[in-house]
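Below is the file upload-v1.cif, which contains mmCIF, C-alpha atoms.
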data_model
#
loop_
_atom_site.label_atom_id
_atom_site.label_comp_id
_atom_site.auth_asym_id
_atom_site.auth_seq_id
_atom_site.Cartn_x
_atom_site.Cartn_y
_atom_site.Cartn_z
CA MET A 1 0.00 0.00 0.00
CA VAL A 2 1.20 3.52 -0.75
CA HIS A 3 1.96 5.70 2.25
CA PHE A 4 2.11 9.45 1.90
CA THR A 5 4.01 11.64 4.34
CA ALA A 6 2.39 14.82 5.61
CA GLU A 7 4.74 16.82 3.37
CA GLU A 8 3.78 14.81 0.30
CA LYS A 9 0.05 15.21 1.00
CA ALA A 10 0.52 18.95 1.50
CA ALA A 11 2.51 19.33 -1.73
CA ILE A 12 -0.05 17.33 -3.69
CA THR A 13 -3.15 19.07 -2.33
CA SER A 14 -1.59 22.48 -2.69
CA LEU A 15 -0.68 21.99 -6.35
CA TRP A 16 -3.92 20.22 -7.19
CA GLY A 17 -5.85 23.20 -5.83
CA LYS A 18 -4.42 25.25 -8.68
CA VAL A 19 -5.19 22.75 -11.44
CA ASN A 20 -7.94 23.54 -13.95
CA VAL A 21 -9.32 20.01 -14.03
CA GLU A 22 -11.28 20.49 -17.23
CA GLU A 23 -8.30 21.85 -19.17
CA ALA A 24 -5.71 19.51 -17.72
CA GLY A 25 -7.96 16.51 -18.24
CA GLY A 26 -8.43 17.22 -21.92
CA GLU A 27 -4.72 17.94 -22.29
CA ALA A 28 -3.67 14.73 -20.54
CA LEU A 29 -6.06 12.44 -22.39
CA GLY A 30 -5.27 14.15 -25.70
CA ARG A 31 -1.53 13.77 -25.19
CA LEU A 32 -2.03 10.10 -24.24
CA LEU A 33 -3.74 9.49 -27.58
CA VAL A 34 -1.06 11.44 -29.48
CA VAL A 35 2.05 10.11 -27.77
CA TYR A 36 0.81 6.50 -27.47
CA PRO A 37 -1.50 6.13 -30.48
CA TRP A 38 -2.38 2.52 -29.71
CA THR A 39 -4.42 3.83 -26.75
CA GLN A 40 -6.92 5.10 -29.34
CA ARG A 41 -8.20 1.52 -29.49
CA PHE A 42 -10.62 2.32 -26.64
CA PHE A 43 -12.14 5.30 -28.34
CA ASP A 44 -13.51 4.15 -31.72
CA ASN A 45 -16.67 6.16 -31.16
CA PHE A 46 -14.87 9.44 -30.47
CA GLY A 47 -14.94 10.62 -34.07
CA ASN A 48 -11.96 12.34 -35.63
CA LEU A 49 -8.63 11.22 -34.10
CA SER A 50 -6.74 11.40 -37.38
CA SER A 51 -4.18 14.07 -36.48
CA THR A 52 -2.61 15.72 -33.45
CA SER A 53 -4.75 18.83 -33.83
CA ALA A 54 -7.89 16.74 -34.40
CA ILE A 55 -7.23 14.82 -31.20
CA MET A 56 -6.37 17.84 -29.06
CA GLY A 57 -9.43 19.72 -30.34
CA ASN A 58 -11.86 16.79 -30.19
CA PRO A 59 -14.78 17.66 -27.88
CA LYS A 60 -15.30 14.04 -26.81
CA VAL A 61 -11.64 13.78 -25.83
CA LYS A 62 -11.94 16.95 -23.76
CA ALA A 63 -15.15 15.79 -22.09
CA HIS A 64 -13.77 12.37 -21.28
CA GLY A 65 -10.50 13.85 -20.08
CA LYS A 66 -12.43 16.06 -17.69
CA LYS A 67 -14.33 13.01 -16.38
CA VAL A 68 -11.13 11.05 -15.82
CA LEU A 69 -9.32 13.88 -14.09
CA THR A 70 -12.31 14.71 -11.87
CA SER A 71 -12.15 11.12 -10.69
CA PHE A 72 -8.43 11.51 -10.14
CA GLY A 73 -9.21 14.54 -7.98
CA ASP A 74 -11.32 12.25 -5.79
CA ALA A 75 -8.22 10.11 -5.32
CA ILE A 76 -6.41 13.10 -3.90
CA LYS A 77 -9.08 13.37 -1.23
CA ASN A 78 -8.60 9.67 -0.39
CA MET A 79 -4.87 9.22 -0.52
CA ASP A 80 -4.92 6.89 2.48
CA ASN A 81 -7.31 4.47 0.90
CA LEU A 82 -6.89 4.48 -2.84
CA LYS A 83 -7.82 0.82 -3.23
CA GLY A 84 -11.11 1.37 -1.42
CA ALA A 85 -11.84 4.58 -3.29
CA PHE A 86 -11.28 2.97 -6.71
CA ALA A 87 -12.73 -0.50 -6.10
CA LYS A 88 -15.85 0.04 -8.19
CA LEU A 89 -13.97 1.79 -10.98
CA SER A 90 -11.46 -1.05 -11.00
CA GLU A 91 -14.21 -3.58 -11.58
CA LEU A 92 -15.65 -1.41 -14.32
CA HIS A 93 -12.32 -1.07 -16.14
CA CYS A 94 -11.77 -4.83 -16.01
CA ASP A 95 -15.22 -6.31 -16.58
CA LYS A 96 -16.85 -3.74 -18.83
CA LEU A 97 -14.13 -1.61 -20.40
CA HIS A 98 -11.41 -4.28 -20.71
CA VAL A 99 -8.57 -1.79 -20.32
CA ASP A 100 -5.04 -3.16 -19.83
CA PRO A 101 -3.74 -1.60 -16.56
CA GLU A 102 -0.57 -0.59 -18.35
CA ASN A 103 -2.70 2.23 -19.81
CA PHE A 104 -3.22 3.66 -16.30
CA ARG A 105 0.54 3.92 -15.89
CA LEU A 106 0.90 5.60 -19.28
CA LEU A 107 -1.83 8.13 -18.46
CA GLY A 108 -0.32 8.78 -15.03
CA ASN A 109 3.02 9.68 -16.58
CA VAL A 110 1.38 11.85 -19.24
CA LEU A 111 -0.46 13.67 -16.44
CA VAL A 112 2.88 14.29 -14.71
CA CYS A 113 4.20 15.78 -17.98
CA VAL A 114 1.12 18.01 -18.26
CA LEU A 115 1.59 19.26 -14.69
CA ALA A 116 5.28 19.94 -15.37
CA HIS A 117 4.34 21.78 -18.55
CA HIS A 118 1.82 23.93 -16.74
CA PHE A 119 3.63 24.62 -13.48
CA GLY A 120 7.26 24.80 -14.67
CA HIS A 121 9.79 25.30 -11.88
CA GLU A 122 7.09 24.99 -9.21
CA PHE A 123 6.88 21.34 -10.26
CA ASN A 124 10.23 20.63 -8.64
CA PRO A 125 11.76 17.16 -8.06
CA GLN A 126 10.08 16.74 -4.67
CA VAL A 127 6.63 17.70 -5.95
CA GLN A 128 7.13 15.43 -8.96
CA ALA A 129 8.11 12.55 -6.68
CA ALA A 130 4.94 13.02 -4.62
CA PHE A 131 2.81 13.00 -7.77
CA GLN A 132 4.60 9.93 -9.12
CA LYS A 133 3.49 8.18 -5.93
CA VAL A 134 -0.12 9.30 -6.42
CA VAL A 135 -0.29 8.23 -10.06
CA ALA A 136 1.36 4.90 -9.24
CA GLY A 137 -1.08 4.42 -6.36
CA VAL A 138 -4.09 5.23 -8.57
CA ALA A 139 -2.85 2.90 -11.34
CA SER A 140 -2.37 0.14 -8.81
CA ALA A 141 -5.78 0.75 -7.21
CA LEU A 142 -7.49 0.65 -10.60
CA ALA A 143 -5.76 -2.63 -11.41
CA HIS A 144 -6.48 -4.15 -8.01
CA LYS A 145 -9.80 -5.83 -8.84
CA TYR A 146 -8.65 -7.31 -12.13
CA HIS A 147 -9.04 -11.02 -12.58
CA MET B 1 9.03 1.97 -33.69
CA VAL B 2 10.41 4.22 -36.42
CA LEU B 3 11.37 7.89 -36.22
CA SER B 4 9.58 9.73 -39.02
CA SER B 5 11.22 12.73 -40.66
CA ALA B 6 8.78 14.92 -38.73
CA ASP B 7 9.96 13.29 -35.49
CA LYS B 8 13.60 13.87 -36.42
CA ASN B 9 12.92 17.50 -37.25
CA ASN B 10 11.02 18.02 -33.99
CA VAL B 11 13.86 16.52 -31.96
CA LYS B 12 16.56 18.51 -33.75
CA ALA B 13 14.64 21.76 -33.40
CA CYS B 14 13.89 21.19 -29.73
CA TRP B 15 17.41 20.08 -28.87
CA GLY B 16 18.77 23.07 -30.77
CA LYS B 17 16.71 25.45 -28.61
CA ILE B 18 18.11 23.81 -25.47
CA GLY B 19 21.63 24.70 -26.55
CA SER B 20 24.12 25.10 -23.74
CA HIS B 21 21.51 24.22 -21.08
CA ALA B 22 21.70 20.55 -22.04
CA GLY B 23 24.12 19.68 -19.23
CA GLU B 24 22.00 21.48 -16.65
CA TYR B 25 18.90 19.64 -17.85
CA GLY B 26 20.75 16.32 -17.83
CA ALA B 27 21.62 16.87 -14.18
CA GLU B 28 18.08 17.94 -13.32
CA ALA B 29 16.63 14.88 -15.07
CA LEU B 30 18.95 12.66 -13.04
CA GLU B 31 17.95 14.40 -9.81
CA ARG B 32 14.28 13.94 -10.68
CA THR B 33 14.92 10.27 -11.48
CA PHE B 34 16.63 9.64 -8.14
CA CYS B 35 13.82 11.46 -6.30
CA SER B 36 10.84 9.85 -8.03
CA PHE B 37 12.33 6.40 -8.60
CA PRO B 38 14.61 5.72 -5.63
CA THR B 39 15.58 2.26 -6.89
CA THR B 40 17.65 4.03 -9.56
CA LYS B 41 20.01 5.20 -6.83
CA THR B 42 21.28 1.64 -6.48
CA TYR B 43 23.44 2.25 -9.55
CA PHE B 44 25.21 5.18 -7.87
CA PRO B 45 26.32 4.04 -4.41
CA HIS B 46 29.63 5.80 -5.06
CA PHE B 47 28.00 9.17 -5.77
CA ASP B 48 26.99 12.05 -3.54
CA LEU B 49 23.35 12.34 -4.64
CA SER B 50 22.45 15.43 -2.62
CA HIS B 51 20.97 18.44 -4.41
CA GLY B 52 23.62 20.31 -6.37
CA SER B 53 26.14 17.48 -6.16
CA ALA B 54 29.13 18.05 -8.44
CA GLN B 55 29.12 14.36 -9.39
CA VAL B 56 25.49 14.54 -10.52
CA GLN B 57 26.21 17.76 -12.47
CA ALA B 58 29.12 16.07 -14.22
CA HIS B 59 27.13 12.96 -14.95
CA GLY B 60 24.22 15.01 -16.23
CA GLN B 61 26.61 16.70 -18.64
CA LYS B 62 27.84 13.29 -19.81
CA VAL B 63 24.28 12.11 -20.45
CA ALA B 64 23.45 15.37 -22.25
CA ASP B 65 26.56 15.16 -24.46
CA ALA B 66 25.62 11.62 -25.47
CA LEU B 67 22.10 12.76 -26.34
CA THR B 68 23.50 15.69 -28.33
CA LYS B 69 25.61 13.21 -30.29
CA ALA B 70 22.54 11.01 -30.79
CA VAL B 71 20.57 13.99 -32.15
CA ALA B 72 23.41 14.81 -34.56
CA HIS B 73 23.41 11.21 -35.80
CA ILE B 74 19.70 10.62 -35.56
CA ASP B 75 19.71 8.74 -38.86
CA ASP B 76 22.14 6.15 -37.56
CA LEU B 77 21.78 5.70 -33.83
CA PRO B 78 23.16 2.14 -33.60
CA ASN B 79 26.49 3.22 -35.09
CA ALA B 80 26.78 6.52 -33.25
CA LEU B 81 25.95 4.94 -29.89
CA SER B 82 27.81 1.66 -30.40
CA ASP B 83 30.47 2.29 -27.76
CA LEU B 84 27.88 3.42 -25.23
CA SER B 85 25.84 0.37 -26.07
CA ASP B 86 28.84 -1.87 -25.30
CA LEU B 87 29.43 0.01 -22.05
CA HIS B 88 25.87 -0.45 -20.84
CA ALA B 89 25.75 -4.11 -21.88
CA TYR B 90 29.04 -5.36 -20.55
CA LYS B 91 30.08 -2.99 -17.82
CA LEU B 92 27.19 -0.97 -16.39
CA ARG B 93 24.39 -3.51 -16.95
CA VAL B 94 21.68 -1.06 -15.92
CA ASP B 95 18.35 -2.91 -15.95
CA PRO B 96 16.33 -1.84 -19.01
CA VAL B 97 13.41 -0.60 -16.91
CA ASN B 98 15.53 2.30 -15.72
CA PHE B 99 15.89 3.84 -19.17
CA LYS B 100 12.14 4.48 -19.10
CA PHE B 101 12.45 6.31 -15.78
CA LEU B 102 15.24 8.59 -16.99
CA SER B 103 13.50 9.17 -20.34
CA HIS B 104 10.31 10.21 -18.52
CA CYS B 105 12.25 12.60 -16.27
CA LEU B 106 13.99 14.10 -19.31
CA LEU B 107 10.54 14.82 -20.76
CA VAL B 108 9.41 16.36 -17.45
CA THR B 109 12.54 18.54 -17.30
CA LEU B 110 12.04 19.79 -20.85
CA ALA B 111 8.33 20.42 -20.19
CA CYS B 112 9.27 22.56 -17.18
CA HIS B 113 11.92 24.64 -18.93
CA HIS B 114 10.53 24.92 -22.46
CA PRO B 115 6.74 25.02 -22.26
CA GLU B 116 6.34 26.58 -25.72
CA GLU B 117 8.44 23.86 -27.35
CA PHE B 118 6.73 21.01 -25.51
CA THR B 119 3.68 20.71 -27.76
CA PRO B 120 1.88 17.35 -27.98
CA ALA B 121 3.62 16.55 -31.28
CA VAL B 122 7.08 17.40 -29.93
CA HIS B 123 6.29 15.47 -26.71
CA ALA B 124 5.50 12.44 -28.88
CA SER B 125 8.66 12.81 -31.00
CA LEU B 126 10.90 13.21 -27.95
CA ASP B 127 9.34 10.20 -26.28
CA LYS B 128 9.99 8.14 -29.40
CA PHE B 129 13.55 9.46 -29.65
CA PHE B 130 14.41 8.60 -26.02
CA SER B 131 12.82 5.21 -26.57
CA ALA B 132 14.97 4.64 -29.67
CA VAL B 133 18.12 5.67 -27.79
CA SER B 134 17.19 3.35 -24.90
CA THR B 135 16.64 0.47 -27.33
CA VAL B 136 20.11 0.97 -28.84
CA LEU B 137 21.72 1.18 -25.39
CA THR B 138 20.15 -2.12 -24.33
CA SER B 139 20.50 -3.85 -27.69
CA LYS B 140 23.56 -5.92 -26.77
CA TYR B 141 22.32 -7.04 -23.35
CA ARG B 142 21.65 -10.57 -24.53
#

Rendering of file as structure tokens:
Amino acid sequence: MVHFTAEEKAAITSLWGKVNVEEAGGEALGRLLVVYPWTQRFFDNFGNLSSTSAIMGNPKVKAHGKKVLTSFGDAIKNMDNLKGAFAKLSELHCDKLHVDPENFRLLGNVLVCVLAHHFGHEFNPQVQAAFQKVVAGVASALAHKYH
Amino acid sequence: MVLSSADKNNVKACWGKIGSHAGEYGAEALERTFCSFPTTKTYFPHFDLSHGSAQVQAHGQKVADALTKAVAHIDDLPNALSDLSDLHAYKLRVDPVNFKFLSHCLLVTLACHHPEEFTPAVHASLDKFFSAVSTVLTSKYR
């Protein structure tokens, strides 16, 4: 289980408070689909994903990105019990969505890149390390119910 | 995984903008790697890994110089990086998983310092480039 120190929790909550979840969500999901194009396999019904600009401007990508990141924000409120918080979503991703958990790790790292891009120097090594723990914890929690 | 001409152009343009900061970014990427992925420190028991360490600065410069060479020879990475490939295979034997950690932290470092350059397309090209370099460096492992 992931344990967060008081400093890590503070760094994470403080930075997250400044995140525009709608924008960052669309950016993160868009970049996932651009940088790792095979992840588009889950989004056949999203319409035009034929170019970088099409993906980044796609309204369904933005909407879904917002959904995903809002859920991620819930994780930040439940850092001490990520497995509990994501149990239902884990079942959903396995039984209904059939998403390989490796995709959660890819998205987590893309999110870290988006945060770095947005916050620049504020996203220092210690803050990054705290976020790496969160994204790893979320990925692990989402994979926990797989069978 | 093949680097398209667009990828190569993106990488060259981005690396060109970095210029003389490459060494500084190499060191920062290493620091980020050690912080976020503590298992990577096992390869540097002989280093002072504290913030600002001269050894980490020097090593960051080394890594950056190798990447600069790779960018200059982007059409023939296996040849350009052959000696480094031998070094990693026979002497250093860094587990392949660690190249992903350093590559990710290089992306994070560039995103922090060059937000205008770090568009989704350039992000993708850089990720592919670091992946290609990593593949060459681990190509002689077995």

Q: Fewer than 5 positions away in the same chain doesn't count, so skip those; otherwise give me all residues within 7 Å of segment 47-61 of chain B, counting only C-alpha atoms, as a ChimeraX atom specification.
A: /B:23-24,26-27,30

Q: Let me know the residues the PyMOL selection byres ((chain A) within 9 of (chain B)) catches in the file above, as number ranges by chain.
A: A: 27, 30-31, 34-36, 52-53, 56, 109, 112-126, 128-133

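Atom pair atom CA of Ser139 of chain B / atom CA of Thr42 of chain B has a distance of 21.9 Å (rounded to one decimal).
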
Q) Could you pull the residues within 8 Å of segment 9-19 of chain A, counting all atoms listed in the file, minus those fewer than 5 positions along the same chain, as a PyMOL selection string? A) chain A and resi 4+24+73+76+79+127+130-131

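The shortest atom-to-atom distance to Ile18 of chain B, with only C-alpha atoms taken into account, belongs to B:Ala64 out of B:Ser5, B:Ile74, B:Ala64, B:Pro45.
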
**Q.** Atomic distance atom CA of Asp44 of chain A - atom CA of Asp95 of chain A, expressed in Å with one decimal
**A.**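 The value is 18.5 Å.
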
Q) Looking at A:Leu106, A:Ala143, A:Ala6, A:Leu49, which one is nearest to Val61 of chain A, with distances taken over all atoms listed in the file? A) A:Leu49
